[in-house]
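Listing of final_30.csv; format and content: CSV, C-alpha atoms and all ligand atoms.
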```csv
chain,number,residue,atom,x,y,z
A,1,MET,CA,-14.5,5.7,7.6
A,2,ILE,CA,-11.1,4.3,8.6
A,3,GLU,CA,-9.3,2.6,5.7
A,4,PRO,CA,-8.0,-0.8,6.8
A,5,VAL,CA,-4.3,-1.4,6.4
A,6,ILE,CA,-4.9,-5.1,5.5
A,7,GLU,CA,-8.1,-6.4,3.9
A,8,ALA,CA,-8.1,-10.0,2.9
A,9,CYS,CA,-11.1,-11.9,1.6
A,10,GLY,CA,-11.3,-15.7,1.0
A,11,LEU,CA,-7.5,-15.9,1.2
A,12,THR,CA,-6.5,-19.5,0.5
A,13,ARG,CA,-3.2,-21.3,-0.1
A,14,ARG,CA,-2.9,-24.9,-1.1
A,15,PHE,CA,0.3,-27.0,-1.2
A,16,GLY,CA,-0.7,-30.0,-3.3
A,17,ASP,CA,-3.6,-31.7,-1.4
A,18,LEU,CA,-3.0,-29.7,1.8
A,19,ILE,CA,-5.0,-26.5,2.4
A,20,ALA,CA,-2.6,-24.6,4.6
A,21,VAL,CA,-4.9,-21.5,4.7
A,22,ASP,CA,-8.6,-21.9,4.0
A,23,ALA,CA,-10.8,-18.9,2.9
A,24,LEU,CA,-9.4,-16.5,5.4
A,25,ASP,CA,-11.2,-13.1,5.8
A,26,LEU,CA,-9.1,-10.5,7.7
A,27,THR,CA,-9.4,-6.8,8.4
A,28,VAL,CA,-6.5,-5.0,10.2
A,29,ASP,CA,-7.1,-1.3,11.2
A,30,PRO,CA,-4.3,1.2,11.2
A,31,ARG,CA,-2.2,1.8,14.4
A,32,THR,CA,-3.1,-1.5,16.0
A,33,ILE,CA,-1.3,-4.6,16.9
A,34,TYR,CA,-3.2,-7.6,15.4
A,35,GLY,CA,-2.3,-11.0,16.7
A,36,PHE,CA,-2.4,-14.3,14.9
A,37,LEU,CA,-2.7,-17.0,17.5
A,38,GLY,CA,-2.5,-20.7,16.8
A,39,PRO,CA,-0.4,-23.9,17.3
A,40,ASN,CA,2.5,-25.0,15.0
A,41,GLY,CA,1.4,-25.7,11.5
A,42,CYS,CA,-1.9,-23.9,11.6
A,43,GLY,CA,-1.0,-21.6,8.7
A,44,LYS,CA,0.4,-18.5,10.4
A,45,THR,CA,3.6,-18.2,8.4
A,46,THR,CA,1.9,-19.1,5.2
A,47,THR,CA,-0.6,-16.2,5.8
A,48,VAL,CA,2.1,-13.7,6.7
A,49,ARG,CA,4.0,-14.7,3.5
A,50,MET,CA,0.9,-14.1,1.4
A,51,LEU,CA,0.2,-10.8,3.1
A,52,THR,CA,3.8,-9.6,2.4
A,53,GLY,CA,3.6,-10.6,-1.2
A,54,LEU,CA,6.2,-13.3,-0.9
A,55,LEU,CA,3.8,-16.1,-1.7
A,56,THR,CA,1.0,-16.1,-4.3
A,57,PRO,CA,-2.4,-17.1,-2.9
A,58,SER,CA,-4.3,-20.0,-4.5
A,59,ALA,CA,-7.5,-18.1,-4.2
A,60,GLY,CA,-8.9,-14.9,-2.6
A,61,THR,CA,-8.2,-11.2,-2.8
A,62,VAL,CA,-5.8,-9.2,-0.6
A,63,THR,CA,-5.1,-5.5,-0.4
A,64,VAL,CA,-2.2,-4.3,1.8
A,65,LEU,CA,-1.6,-0.5,2.4
A,66,GLY,CA,-3.8,0.1,-0.7
A,67,HIS,CA,-1.7,-2.3,-2.9
A,68,GLN,CA,-3.5,-5.2,-4.5
A,69,LEU,CA,-1.5,-8.4,-4.2
A,70,PRO,CA,0.2,-10.2,-5.8
A,71,ARG,CA,0.1,-7.6,-8.6
A,72,ASP,CA,1.6,-4.7,-6.6
A,73,ALA,CA,4.0,-6.9,-4.5
A,74,GLU,CA,7.1,-5.1,-5.7
A,75,ARG,CA,5.7,-1.6,-4.7
A,76,LEU,CA,4.5,-2.9,-1.3
A,77,LYS,CA,8.0,-4.2,-0.4
A,78,ARG,CA,9.4,-0.8,0.5
A,79,ARG,CA,6.5,0.0,2.8
A,80,ILE,CA,6.6,-3.0,5.0
A,81,GLY,CA,9.0,-4.6,7.4
A,82,TYR,CA,9.2,-8.4,8.1
A,83,MET,CA,10.9,-10.0,11.0
A,84,THR,CA,11.1,-13.7,10.5
A,85,GLN,CA,11.2,-16.4,13.2
A,86,LYS,CA,15.0,-16.8,12.5
A,87,PHE,CA,15.6,-13.1,12.7
A,88,SER,CA,17.4,-13.2,9.4
A,89,LEU,CA,20.7,-11.7,10.7
A,90,TYR,CA,24.2,-12.3,9.3
A,91,ASP,CA,26.1,-13.9,12.1
A,92,ASP,CA,29.5,-12.9,10.8
A,93,LEU,CA,28.6,-9.3,10.5
A,94,THR,CA,28.6,-6.8,13.4
A,95,VAL,CA,25.6,-4.9,14.6
A,96,VAL,CA,26.5,-1.8,12.5
A,97,GLU,CA,27.4,-4.0,9.5
A,98,ASN,CA,24.1,-5.8,9.7
A,99,LEU,CA,22.1,-2.6,9.8
A,100,GLY,CA,24.3,-1.0,7.1
A,101,PHE,CA,23.6,-4.0,4.8
A,102,VAL,CA,19.8,-3.7,5.3
A,103,ALA,CA,20.0,0.1,4.8
A,104,GLU,CA,21.7,-0.5,1.5
A,105,ILE,CA,19.0,-3.0,0.4
A,106,TYR,CA,16.3,-0.4,1.1
A,107,GLY,CA,18.3,2.2,-0.8
A,108,LEU,CA,19.0,4.6,2.0
A,109,GLY,CA,21.7,7.1,1.0
A,110,HIS,CA,25.0,7.1,2.9
A,111,ARG,CA,24.2,10.0,5.2
A,112,ALA,CA,20.6,8.9,5.8
A,113,ALA,CA,21.8,5.4,6.6
A,114,ARG,CA,24.3,6.7,9.1
A,115,ARG,CA,21.7,8.9,10.9
A,116,ARG,CA,19.2,6.1,11.0
A,117,ILE,CA,21.6,3.4,12.2
A,118,SER,CA,22.8,5.7,15.0
A,119,ALA,CA,19.2,6.4,16.0
A,120,LEU,CA,18.3,2.7,16.0
A,121,ILE,CA,21.3,1.7,18.0
A,122,SER,CA,20.3,4.2,20.6
A,123,THR,CA,16.6,3.2,20.6
A,124,TYR,CA,17.3,-0.5,20.9
A,125,ALA,CA,20.1,-0.2,23.4
A,126,LEU,CA,22.7,-1.7,21.1
A,127,GLU,CA,25.5,0.9,21.8
A,128,PRO,CA,27.7,-1.3,24.0
A,129,MET,CA,27.8,-4.0,21.3
A,130,ARG,CA,27.8,-2.0,18.1
A,131,SER,CA,31.0,-3.8,16.9
A,132,ARG,CA,29.9,-7.3,18.1
A,133,ARG,CA,29.1,-10.0,15.6
A,134,ALA,CA,25.4,-10.9,15.5
A,135,GLY,CA,26.4,-14.6,16.0
A,136,ARG,CA,27.9,-13.7,19.4
A,137,MET,CA,24.9,-11.9,20.8
A,138,SER,CA,22.3,-13.2,23.3
A,139,GLY,CA,18.7,-14.0,22.2
A,140,GLY,CA,17.3,-10.7,23.5
A,141,GLN,CA,20.1,-8.7,21.8
A,142,ARG,CA,19.6,-10.5,18.5
A,143,GLN,CA,15.9,-9.8,18.8
A,144,ARG,CA,16.4,-6.1,19.3
A,145,LEU,CA,18.9,-6.0,16.4
A,146,ALA,CA,16.3,-7.9,14.2
A,147,LEU,CA,13.6,-5.3,15.1
A,148,ALA,CA,16.0,-2.5,14.3
A,149,ALA,CA,16.8,-4.0,10.9
A,150,ALA,CA,13.1,-4.6,10.1
A,151,THR,CA,12.3,-1.0,10.9
A,152,ILE,CA,15.3,0.7,9.3
A,153,HIS,CA,13.2,2.2,6.4
A,154,GLU,CA,10.4,3.3,8.8
A,155,PRO,CA,7.7,0.9,7.4
A,156,ALA,CA,4.1,1.8,7.9
A,157,LEU,CA,3.3,-1.9,8.4
A,158,LEU,CA,5.4,-4.4,10.3
A,159,PHE,CA,5.1,-8.2,10.2
A,160,LEU,CA,6.6,-10.2,13.1
A,161,ASP,CA,6.6,-14.0,12.9
A,162,GLU,CA,6.8,-15.5,16.4
A,163,PRO,CA,9.2,-12.8,17.5
A,164,THR,CA,9.8,-13.8,21.1
A,165,SER,CA,10.2,-17.5,20.9
A,166,ALA,CA,13.9,-17.3,21.8
A,167,VAL,CA,13.8,-14.7,24.6
A,168,ASP,CA,13.2,-14.6,28.4
A,169,PRO,CA,10.1,-12.9,30.0
A,170,GLN,CA,11.9,-9.6,30.8
A,171,ASN,CA,13.2,-9.2,27.2
A,172,ARG,CA,9.7,-10.1,26.0
A,173,ARG,CA,8.1,-7.4,28.1
A,174,ASP,CA,10.7,-4.8,26.9
A,175,PHE,CA,10.1,-5.9,23.3
A,176,TRP,CA,6.4,-5.4,23.6
A,177,GLU,CA,7.0,-1.9,25.0
A,178,ARG,CA,8.9,-1.1,21.9
A,179,LEU,CA,6.1,-2.4,19.7
A,180,PHE,CA,3.7,-0.1,21.4
A,181,ASP,CA,6.2,2.8,20.8
A,182,LEU,CA,6.1,2.0,17.1
A,183,VAL,CA,2.3,2.0,17.1
A,184,ASP,CA,2.3,5.3,18.9
A,185,ALA,CA,4.5,6.6,16.1
A,186,GLY,CA,2.0,5.5,13.5
A,187,ALA,CA,2.9,2.0,12.6
A,188,THR,CA,0.6,-1.0,12.3
A,189,ILE,CA,1.8,-4.4,13.4
A,190,LEU,CA,0.7,-8.0,12.6
A,191,VAL,CA,2.3,-10.5,14.9
A,192,SER,CA,2.0,-14.3,14.7
A,193,THR,CA,2.4,-16.3,17.9
A,194,HIS,CA,1.6,-19.5,19.6
A,195,TYR,CA,2.0,-17.9,23.1
A,196,MET,CA,-1.1,-16.8,25.0
A,197,ASP,CA,0.5,-14.0,26.9
A,198,GLU,CA,1.6,-12.3,23.6
A,199,ALA,CA,-1.9,-12.7,22.2
A,200,GLU,CA,-3.3,-11.0,25.3
A,201,ARG,CA,-1.2,-7.9,24.6
A,202,CYS,CA,-2.8,-7.4,21.1
A,203,HIS,CA,-5.5,-4.9,20.3
A,204,ARG,CA,-7.3,-7.6,18.3
A,205,LEU,CA,-6.5,-11.1,17.3
A,206,ALA,CA,-7.5,-14.1,15.1
A,207,ILE,CA,-7.4,-17.6,16.5
A,208,MET,CA,-6.3,-20.1,13.8
A,209,GLU,CA,-6.5,-23.8,13.7
A,210,SER,CA,-5.6,-26.1,10.7
A,211,GLY,CA,-5.8,-23.2,8.3
A,212,HIS,CA,-9.2,-21.9,9.5
A,213,LYS,CA,-9.9,-18.8,11.5
A,214,ARG,CA,-11.9,-20.0,14.5
A,215,ALA,CA,-12.4,-16.6,16.2
A,216,ASP,CA,-11.7,-12.9,15.7
A,217,GLY,CA,-12.0,-9.9,18.0
A,218,SER,CA,-10.4,-8.0,20.8
A,219,PRO,CA,-9.3,-10.1,23.8
A,220,ALA,CA,-12.2,-8.7,25.8
A,221,GLU,CA,-14.7,-9.3,23.1
A,222,LEU,CA,-13.5,-12.9,22.6
A,223,MET,CA,-13.7,-13.6,26.4
A,224,ALA,CA,-17.2,-12.0,26.7
A,225,GLY,CA,-18.5,-13.9,23.7
A,226,MET,CA,-17.0,-17.4,24.3
A,227,GLY,CA,-20.3,-19.0,25.3
A,228,ALA,CA,-19.0,-20.5,28.6
A,229,LEU,CA,-18.6,-19.7,32.3
A,230,VAL,CA,-15.6,-20.7,34.2
A,231,VAL,CA,-15.5,-22.3,37.6
A,232,GLU,CA,-12.5,-23.4,39.7
A,233,VAL,CA,-13.0,-26.5,41.7
A,234,GLN,CA,-11.0,-28.0,44.6
A,235,ALA,CA,-11.4,-31.6,45.8
A,236,PRO,CA,-9.2,-34.4,47.3
A,237,ASN,CA,-9.0,-36.5,44.2
A,238,LEU,CA,-8.9,-34.1,41.2
A,239,ARG,CA,-8.0,-36.8,38.6
A,240,ALA,CA,-11.2,-38.8,39.4
A,241,LEU,CA,-13.3,-35.6,39.5
A,242,LYS,CA,-12.0,-34.4,36.2
A,243,GLN,CA,-13.1,-37.6,34.5
A,244,GLN,CA,-16.6,-37.3,35.9
A,245,LEU,CA,-16.9,-33.6,35.0
A,246,SER,CA,-15.6,-34.2,31.5
A,247,ALA,CA,-18.4,-36.7,31.0
A,248,LEU,CA,-21.1,-34.1,31.6
A,249,PRO,CA,-22.5,-32.7,28.3
A,250,GLU,CA,-22.7,-29.2,29.8
A,251,VAL,CA,-19.0,-29.3,30.6
A,252,ILE,CA,-16.9,-28.1,27.7
A,253,SER,CA,-13.5,-28.7,29.3
A,254,ALA,CA,-11.9,-29.5,32.7
A,255,ALA,CA,-8.2,-29.0,33.0
A,256,GLN,CA,-6.0,-29.3,36.1
A,257,LEU,CA,-4.0,-26.3,37.3
A,258,GLY,CA,-2.0,-27.3,40.3
A,259,SER,CA,-4.4,-28.2,43.1
A,260,ARG,CA,-7.5,-26.9,41.2
A,261,LEU,CA,-9.6,-27.9,38.2
A,262,ARG,CA,-10.5,-25.1,35.8
A,263,VAL,CA,-14.0,-26.1,34.4
A,264,LEU,CA,-15.6,-24.5,31.4
A,265,VAL,CA,-19.4,-24.8,31.6
A,266,SER,CA,-21.7,-24.0,28.7
A,267,ASP,CA,-23.5,-20.7,29.3
A,268,HIS,CA,-26.8,-22.4,28.8
A,269,VAL,CA,-26.3,-23.1,32.5
A,270,THR,CA,-27.0,-19.8,34.2
A,271,ASP,CA,-25.5,-20.5,37.6
A,272,PRO,CA,-22.7,-23.1,37.1
A,273,VAL,CA,-21.7,-23.2,40.7
A,274,ALA,CA,-25.2,-24.0,41.9
A,275,TRP,CA,-25.6,-26.5,39.0
A,276,LEU,CA,-22.3,-28.3,39.9
A,277,ARG,CA,-23.5,-28.6,43.5
A,278,THR,CA,-26.5,-30.6,42.3
A,279,GLN,CA,-24.4,-33.1,40.4
A,280,PRO,CA,-23.6,-36.4,42.0
A,281,LEU,CA,-19.8,-35.9,42.1
A,282,GLN,CA,-17.4,-38.2,44.0
A,283,PRO,CA,-15.5,-36.9,45.8
A,284,THR,CA,-17.6,-33.9,46.6
A,285,PRO,CA,-15.8,-30.6,45.8
A,286,THR,CA,-14.5,-28.8,48.8
A,287,MET,CA,-14.5,-25.5,46.9
A,288,LEU,CA,-16.4,-24.2,43.9
A,289,GLU,CA,-15.7,-20.6,42.7
A,290,PRO,CA,-16.7,-18.6,39.6
A,291,VAL,CA,-13.6,-17.0,38.0
A,292,ARG,CA,-13.0,-14.6,35.2
A,293,PRO,CA,-12.4,-16.2,31.8
A,294,SER,CA,-9.0,-16.0,30.1
A,295,LEU,CA,-7.9,-16.0,26.5
A,296,GLU,CA,-6.7,-19.5,27.0
A,297,ASP,CA,-10.3,-20.5,27.8
A,298,VAL,CA,-11.4,-18.9,24.5
A,299,PHE,CA,-8.7,-20.8,22.7
A,300,VAL,CA,-9.8,-24.1,24.2
A,301,ILE,CA,-13.4,-23.4,23.2
A,302,SER,CA,-12.5,-22.2,19.7
A,303,THR,CA,-10.2,-25.1,18.8
A,304,GLY,CA,-10.8,-27.8,21.3
A,305,SER,CA,-7.2,-27.9,22.2
A,306,HIS,CA,-4.6,-26.2,24.5
A,307,VAL,CA,-1.9,-23.8,23.4
A,308,GLU,CA,1.5,-23.2,25.0
A,309,SER,CA,2.0,-20.6,27.7
A,310,HIS,CA,5.4,-19.0,28.1
A,311,PRO,CA,7.5,-20.4,31.0
A,312,ALA,CA,7.2,-17.8,33.8
B,1,LIG,N1,6.3,-24.6,0.9
B,1,LIG,C1,5.5,-25.5,1.5
B,1,LIG,N2,5.2,-26.7,0.9
B,1,LIG,C2,4.4,-27.6,1.4
B,1,LIG,N3,3.8,-27.5,2.6
B,1,LIG,C3,4.0,-26.3,3.2
B,1,LIG,C4,4.8,-25.3,2.7
B,1,LIG,N4,4.8,-24.3,3.6
B,1,LIG,C5,4.0,-24.6,4.7
B,1,LIG,N5,3.5,-25.9,4.4
B,1,LIG,C6,2.5,-26.6,5.3
B,1,LIG,O1,1.4,-25.7,5.5
B,1,LIG,C7,1.0,-25.9,6.9
B,1,LIG,C8,1.0,-24.5,7.6
B,1,LIG,O2,2.4,-24.2,7.8
B,1,LIG,P1,2.8,-22.8,8.4
B,1,LIG,O3,4.3,-22.7,8.4
B,1,LIG,O4,2.1,-21.7,7.7
B,1,LIG,O5,2.3,-22.9,9.9
B,1,LIG,P2,2.6,-22.0,11.2
B,1,LIG,O6,1.3,-21.8,11.9
B,1,LIG,O7,3.4,-20.8,10.8
B,1,LIG,O8,3.5,-23.0,12.0
B,1,LIG,P3,4.9,-22.7,12.8
B,1,LIG,O9,4.4,-22.1,14.1
B,1,LIG,O10,5.4,-24.1,13.0
B,1,LIG,O11,5.7,-21.8,12.0
B,1,LIG,C9,1.9,-26.9,7.5
B,1,LIG,O12,1.2,-28.2,7.4
B,1,LIG,C10,3.1,-26.9,6.7
B,1,LIG,O13,3.8,-28.2,6.7
```

Any chance you could give the structure as structure tokens?
Amino acid sequence: MIEPVIEACGLTRRFGDLIAVDALDLTVDPRTIYGFLGPNGCGKTTTVRMLTGLLTPSAGTVTVLGHQLPRDAERLKRRIGYMTQKFSLYDDLTVVENLGFVAEIYGLGHRAARRRISALISTYALEPMRSRRAGRMSGGQRQRLALAAATIHEPALLFLDEPTSAVDPQNRRDFWERLFDLVDAGATILVSTHYMDEAERCHRLAIMESGHKRADGSPAELMAGMGALVVEVQAPNLRALKQQLSALPEVISAAQLGSRLRVLVSDHVTDPVAWLRTQPLQPTPTMLEPVRPSLEDVFVISTGSHVESHPA
């Protein structure tokens, strides 16, 4: 049997009356990228902080890399990397100085640190700016430097909290390639995000809302099991049609995408296109087409709300 890298049971954190994370069960297998998807304030950072040993849970049990938390938090620290939303870089230090500082914190000897810094500078394409201050680097460069810093001690488990909020699509794609390289080399990664395209790249993910886990599985499993079928509809007056569709009990959601409506119909209806044709809709749709579900559809069904997509 594969030993999970993270195993949490009933993980809960309260701040006064607010339950930021509520009875979360979580299993993360080795050498996978596990995504934590949810809107701002749903409890992603709070969960990550509990899983890294930085925050004590109000209730529940959690074992990370075989260490029981919070008891073994100190021992866990050296085996994990944590890249925060703000990248935690020193703006007045250069690339090499930032990495040197982190190497010292992790107790790498002088020679080992030099070797490792040189390898990371090459892996993360930082050579041309090795003497540049972090504060004068672009978003994508800072992100690469932050990933280099978070992996300087070759952690078995890496936590990334909304790592691509500040970068463009090309940098985001490159960044994910590097994450898959890390997994290929044996690492496990937990990444929190409120972006759909990042969630789709994960091996497995949890959908969070208001501190609750609403769904958990691989993107394909979640799409197959969402309990709805998707139909795209075209018509002359989409706003009027949307209102009528939304009023039908079988319709879970109708959202406009350009000149089409994306309609989620409960899978109690076996043939949603034929069923929609029998409805007295005004105006009559000019096109009805079954389409493949997306992770965004799963999100809408799990939480009843929409999440951000990255700008193209
Ligand atoms: N130290 C704290 N004291 C009081 N409330 C807190 C504290 N930390 C987080 N919260 C609250 O807990 C809830 C969850 O916050 P959290 O930062 O975990 O969400 P998130 O999903 O990471 O959001 P974001 O994407 O904005 O970072 C929010 O309502 C937040 O205001």

task = Kindly indicate which residue among A:Val64, A:Met137, A:Leu147, A:Leu51 lies nearest to A:Asp92, using only C-alpha atoms for the distances.
result =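 Looking only at the distances to A:Asp92, the closest residue turns out to be A:Met137.
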
message = Using all atoms listed in the file, which protein or nucleic acid residues come within 7 Å of A:Gly211? Drop anything in the same chain fewer than 6 positions from it, and give the result as a list of chain:residue names.
response = A:Ile19, A:Ala20, A:Val21, A:Asp22, A:Cys42, A:Gly43

May I have the selected residues written with C-alpha atoms, as a PDB file, in the frame of the given file?
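The result, written out as selection34.pdb:
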```
ATOM      1  CA  ILE A  19      -5.000 -26.500   2.400  1.00  0.00           C
ATOM      2  CA  ALA A  20      -2.600 -24.600   4.600  1.00  0.00           C
ATOM      3  CA  VAL A  21      -4.900 -21.500   4.700  1.00  0.00           C
ATOM      4  CA  ASP A  22      -8.600 -21.900   4.000  1.00  0.00           C
ATOM      5  CA  CYS A  42      -1.900 -23.900  11.600  1.00  0.00           C
ATOM      6  CA  GLY A  43      -1.000 -21.600   8.700  1.00  0.00           C
TER       7      GLY A  43
END
```

ask   = Of the residues A:Leu288, A:Ala150, A:Val48, A:Val265, which is the one nearest to A:Ala103, using only C-alpha atoms?
value =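 Between A:Leu288, A:Ala150, A:Val48, A:Val265, the residue approaching A:Ala103 most closely is A:Ala150.
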
At a cut-off of 10 Å, can you tabulate as CSV every residue of chain A near ligand LIG 1 (chain B) together with its closest atom pair and the distance in Å to one decimal, using all atoms listed in the file and ordering rows by chain then number?
```
residue,atom,partner,partner_atom,distance
A:Arg13,CA,B:LIG1,O1,8.5
A:Arg14,CA,B:LIG1,O1,7.9
A:Phe15,CA,B:LIG1,C2,4.9
A:Gly16,CA,B:LIG1,C2,7.3
A:Asp17,CA,B:LIG1,N3,9.4
A:Leu18,CA,B:LIG1,O1,7.0
A:Ile19,CA,B:LIG1,O1,7.2
A:Ala20,CA,B:LIG1,O1,4.2
A:Val21,CA,B:LIG1,C8,7.2
A:Phe36,CA,B:LIG1,O6,8.9
A:Leu37,CA,B:LIG1,O6,8.4
A:Gly38,CA,B:LIG1,O6,6.3
A:Pro39,CA,B:LIG1,O6,6.0
A:Asn40,CA,B:LIG1,O9,3.6
A:Gly41,CA,B:LIG1,O5,3.3
A:Cys42,CA,B:LIG1,O6,3.8
A:Gly43,CA,B:LIG1,O4,3.3
A:Lys44,CA,B:LIG1,O6,3.7
A:Thr45,CA,B:LIG1,O7,3.5
A:Thr46,CA,B:LIG1,O4,3.6
A:Thr47,CA,B:LIG1,O4,6.4
A:Val48,CA,B:LIG1,O4,8.1
A:Arg49,CA,B:LIG1,O4,8.4
A:Met50,CA,B:LIG1,O4,9.9
A:Leu55,CA,B:LIG1,N1,9.2
A:Thr84,CA,B:LIG1,O11,9.8
A:Gln85,CA,B:LIG1,O11,7.8
A:Asp161,CA,B:LIG1,O7,7.8
A:Glu162,CA,B:LIG1,O9,7.4
A:Ser192,CA,B:LIG1,O7,7.7
A:Thr193,CA,B:LIG1,O9,7.2
A:His194,CA,B:LIG1,O9,6.7
A:Met208,CA,B:LIG1,O6,8.0
A:Glu209,CA,B:LIG1,O6,8.3
A:Ser210,CA,B:LIG1,C8,7.5
A:Gly211,CA,B:LIG1,C8,7.0
```

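Distances from A:Leu89, A:Tyr106, A:Arg277, A:Phe180 to A:Gly139 were compared using all atoms listed in the file, and the smallest one belongs to A:Leu89.
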
task = Compute the distance from (30.2, 3.1, 10.8) to each atom, counting all atoms listed in the file, keep the residues with any atom at most 10 Å away, and return them as a count of residues only; use the coordinates of the file.
result = 11

query = Excluding same-chain residues fewer than 2 positions from stretch 279-284 of chain A, what lies within 9 Å of it counting all atoms listed in the file, as a list in words?
reply = Ala235, Pro236, Asn237, Leu238, Ala240, Leu241, Gln244, Leu245, Trp275, Leu276, Arg277, Thr286 and Met287 of chain A

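Atom CA of A:Ser138 lies 17.7 Å from atom CA of A:Ser122.
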
task = Can you work out the spacing between atom CA of A:Thr27 and atom CA of A:Glu7 in Å, to one decimal?
result = 4.7 Å

task = For the point (14.4, -12.7, 23.6) in the file's frame, write as a PyMOL selection string all residues with an atom no more than 7 Å away, counting all atoms listed in the file.
result = chain A and resi 139-140+143+164-168+171-172

ask   = How many Å lie between atom CA of A:Thr278 and atom CA of A:Glu296, rounded to one decimal?
value =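 Separation of atom CA of A:Thr278 and atom CA of A:Glu296: 27.4 Å.
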
request  = Do a neighbour search on A:Glu3 at 10 Å with all atoms listed in the file, toss out local chain neighbours closer than 6 positions, and write the hits as number ranges by chain.
outcome  = A: 27-30, 65-66

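Of the listed residues A:Gln170, A:Thr303, A:Thr94, A:Ser88, the one whose atoms come nearest to A:Ala149 is A:Ser88, with distances taken using all atoms listed in the file.
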
inquiry  = So, with all atoms listed in the file as the atoms that count, which of A:Arg111, A:Arg239, A:Arg142, A:Lys213 lies closest to A:Leu26?
reply    =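 When distances to A:Leu26 are compared using all atoms listed in the file, the smallest one comes from A:Lys213.
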
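Comparing the minimum interatomic distances between A:Gly258 and each of A:Leu182, A:Val233, A:Leu160, A:Ala224, counting only C-alpha atoms, we find that A:Val233 sits nearest.
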
request  = Excluding A:Ser218 and any residue of its chain fewer than 5 positions from it, enumerate the residues within 7 Å of it, using all atoms listed in the file, and give them as a PyMOL selection string.
outcome  = chain A and resi 203-205
